[in-house]
Amino acid sequence: MQSTARGEGRRLAARHRNIELGLLALAVAVCLAGHIDASLAMTDKLPPGLLVHGLSLGALVAAAHLAVRRFAPYADPLILPLGVFLTGFGLMLLDRLDVSYKAAHPLKGDYQKLPAAPGQLMWTFIAVAAALALIVFVKHHRFFQRYVYVMMAGALILLTAPIFSPTDSFGAKRWIKLPGLPSFEPDEFVKVAITIFFAGYLMASRDALALAGRKVWGMTLPRGRHAGPVLAIWAVSLMVLIFERDLGTSLIFFGVFVVMLYVATERTSWVVLGLLMAVGGAAVVGTVEPHVHGRVEAWLHPLDYYPPVNNLAISSQPAEALFSLGTGHMTGTGLGSGRPWLIGFAGRSDFIFTTIGEELGLVGVTAILLVYVLLIQRGLRTAVGLTDPFGKLLATGLSAALALQVFVVVGGVSGLVPLTGKALPFLAAGGSSLLANWLMVALLIKLSDSSGRTALDPAPTSPEPLPAQAGPAERAAAAAPASGGPGRTLGAGEPLATGLDPLPGAGPDPAAPPSAPSGPGRTDPGAPTELRPSFGHSPAAPQQGNPQPNGPQHGNPQPNGPQHGGAQPSYGYPPVNEQPTHGYGRPPQSPYPQNPTIG
């Protein structure tokens with residue numbers, strides 16, 4: 001039965017890889033079709049280098065698929081195609097904008113006429129190669145659990161490095177410029193590193209952070225002495241907001257921590273406290289810091305840039321973005337038929353979203369947002385299917401970081417929140433953003449591979465030996481009369497069975513073999529470090545006489561299960577305490593919508 005379940009799980013995993021391949025082909029085809037459509041609308045010609053562009057993108061996608069098929073065969077079949085589609089769609093939009101910027105800025109030396117698509121294509125190859133290296137060389141996501149404090153130190157260094165930069169860019173200190181090297185945006189890598197640190201820290205401290213304190217207005221607040229980490233993260237986010245004038249990074253940094261803290265502790269009070277601290281800190285900084293205050297004013301009064309107010313202290317881009325989105329109506333003007341280049345250089349960064357709204361309309365905007373939502377949903381579903389707390393928190397944090405960045409960018413462009421200047425993931429120009437986002441995709445692929453392997457590939461167990469395979473001792477025991485039956489001869493030193501219960505207070509028989517622990521809350525020191533449920537079923541308590549997939553068998557050797565006194569299978573990483581604390585002991589579910597059940 002177990003071998004049948006494993007075979008069915010492997011067939012299902014292979015079918016998922018075939019689905020992934022079909023979706024990858026569809027994503028590349030849609031992006032190339034959009035590329036052709038935009039070029040025909042603007043120049044009445046096919047785009048130059050279409051064949052080379054299509055072949056290179058196809059080869060890159062094929063290499064990514066083969067790597068996932070080989071090194072992450074149980075991964076979610078949607079994560080890679082969604083990342084490829086968003087990246088290819090962004091390349092198409094950038095190439096479309098390059099043609100318009102070149103025509104609108106013909107003067108020599110005007111930097112806005114410089115093309116952005118070739119550089120983004122180069123960074124696409126670099127980002128996908130880095131993601132494939134992570135998939136190939138990192139055997140298990142718990143590898144990062146060893147280096148959570150190293151990640152924290154590196155993230156803090158990168159986060160504070162722009163403060164010491166002598167210059168800023170467009171009012172914010174967000175980039176690091178080194179002599180002879182291209183500038184890069186460290187906060188994009190910080191969101192990945194700090195999420196790994198939060199996962200490791202909260203896994204170790206969730207019990208203390210979940211302790212209840214006093215009640216205020218019907219809400220149970222956490223204990224005061226445990227609020228130190230939250231205050232420290234809040235202080236760092238305010239420091240970024242004040243000294244770097246980077247509203248987007250500050251919101252993402254603190255928001256990810258609050259989301260992961262809620263998932264780890266299941267305490268709503270932490271969310272309420274975090275929201276109050278975020279709103280209070282942003283209100284104070286938005287009042288006293290001139291650059292942030294200007295963004296708030298442009299958000300509240302975007303049309304004051306024009307007569308009769310003529311407030312030149314604010315930017316014209318928020319109002320231009322609203323005009324562009326309003327021009328698109330329901331279905332848009334068509335690719336290549338709009339005028340999104342009127343916003344200026346920002347059309348290649350966060351305002352690239354207005355290109356979608358103007359040329360594809362509300363329908364196109366909804367479709368792109370649904371792609372983001374689907375990618376975030378696959379990350380959260382991966383977190384549900386994982387069995388170790390570190391993996392659950394890491395998948396949740398990566399999904400939350402992506403969701404928050406999309407929210408602050410789309411909300412800023414559409415006038416829902418103040419502008420932040422962050423790049424729209426996968427779509428906007430920027431090598432740092434693209435590289436960091438593809439590293440997030442690679443981590444989600446590894447996490448979903450662990451989740452799918454747990455659900456679809458249960459650990460094999462050793463079957464009960466057949467009578468023909470049993471040794472002399474087993475055959476003699478099988479031929480002997482049942483215990484307590486007539487005619488049975490007691491062995492030397494065997495006590496006489498009286499059928500009476502032991503006397504109260506009598507201790508255990510020192511000669512009796514140790515019994516396996518049972519019942520809820522009992523911990524087996526030889527238990528595996530990662531739950532491996534049988535295919536299609538939740539893990540059940542061991543029953544007498546039936547072999548269990550990962551439980552210890554008395555007198556029955558386990559080829560892959562733990563042995564009493566032997567080494568535990570921990571993938572070479574530190575063991576994780578899988579106690580059912582705060583919801584982490586729930587039976588893992590399959591990360592896929594349909595999971596065939598093997599009887």
# chains A, B, ... in the order shown; residues from 1 in each chain; ligands from 1
$ residues_around --residues "region 149-153 of chain A" --least-positions-apart "6" --cutoff "8 Å" --atoms "only C-alpha atoms" --output "PyMOL selection string"
chain A and resi 193-194+196-197
$ write_last_selection --atoms "N, CA and C atoms" --output "mmCIF file, in the first residue's frame"
data_model
loop_
_atom_site.group_PDB
_atom_site.id
_atom_site.type_symbol
_atom_site.label_atom_id
_atom_site.label_comp_id
_atom_site.auth_asym_id
_atom_site.auth_seq_id
_atom_site.Cartn_x
_atom_site.Cartn_y
_atom_site.Cartn_z
ATOM 1 N N ALA A 193 16.678 39.014 3.244
ATOM 2 C CA ALA A 193 17.517 38.607 4.373
ATOM 3 C C ALA A 193 16.800 38.792 5.705
ATOM 4 N N ILE A 194 16.084 39.902 5.839
ATOM 5 C CA ILE A 194 15.438 40.161 7.128
ATOM 6 C C ILE A 194 14.257 39.216 7.335
ATOM 7 N N ILE A 196 14.271 36.048 6.422
ATOM 8 C CA ILE A 196 14.897 34.819 6.919
ATOM 9 C C ILE A 196 15.225 34.956 8.403
ATOM 10 N N PHE A 197 15.730 36.114 8.806
ATOM 11 C CA PHE A 197 16.030 36.324 10.225
ATOM 12 C C PHE A 197 14.761 36.306 11.066
#
$ residues_around --residues "region 48-54 of chain A" --least-positions-apart "6" --cutoff "10 Å" --atoms "only C-alpha atoms" --output "ChimeraX atom specification"
/A:28-29,31-32,35-36,39,60,121
$ closest_residue --among "A:Lys392, A:His329, A:Lys422, A:Arg381" --to "Phe351 (chain A)" --atoms "only C-alpha atoms"
A:Lys422
$ residues_around --residues "Ile126 (chain A)" --least-positions-apart "3" --cutoff "10 Å" --atoms "only C-alpha atoms" --output "MDAnalysis selection string"
chainID A and resid 120:123 129:132 431 434:435 438
$ closest_residue --among "A:Thr195, A:Ser451, A:Thr355, A:Gln377" --to "Met92 (chain A)" --atoms "only C-alpha atoms"
A:Thr355
$ residues_around --residues "region 250-259 of chain A" --least-positions-apart "3" --cutoff "6 Å" --atoms "only C-alpha atoms" --output "list in words"
Ser237, Leu241, Leu247, Tyr262, Ala400, Ala401 and Leu404 of chain A
$ atom_distance --atom1 "CA of Leu369 (chain A)" --atom2 "CA of Gly248 (chain A)"
18.9 Å
$ residues_around --residues "Arg15 (chain A)" --least-positions-apart "4" --cutoff "12 Å" --atoms "only C-alpha atoms" --output "list in words"
Glu8, Gly9, Arg10, Arg11, Ile19, Glu20, Leu21, Gly22, Arg69, Pro73, Tyr74, Ala75, Asp76 and Pro77 of chain A
$ residues_around --residues "region 297-299 of chain A" --least-positions-apart "6" --cutoff "12 Å" --atoms "only C-alpha atoms" --output "PyMOL selection string"
chain A and resi 286-287+290-291+305-306+311-322+411-420
$ closest_residue --among "A:Val136, A:Ile343, A:Val271, A:Ala232" --to "Leu97 (chain A)" --atoms "only C-alpha atoms"
A:Ile343
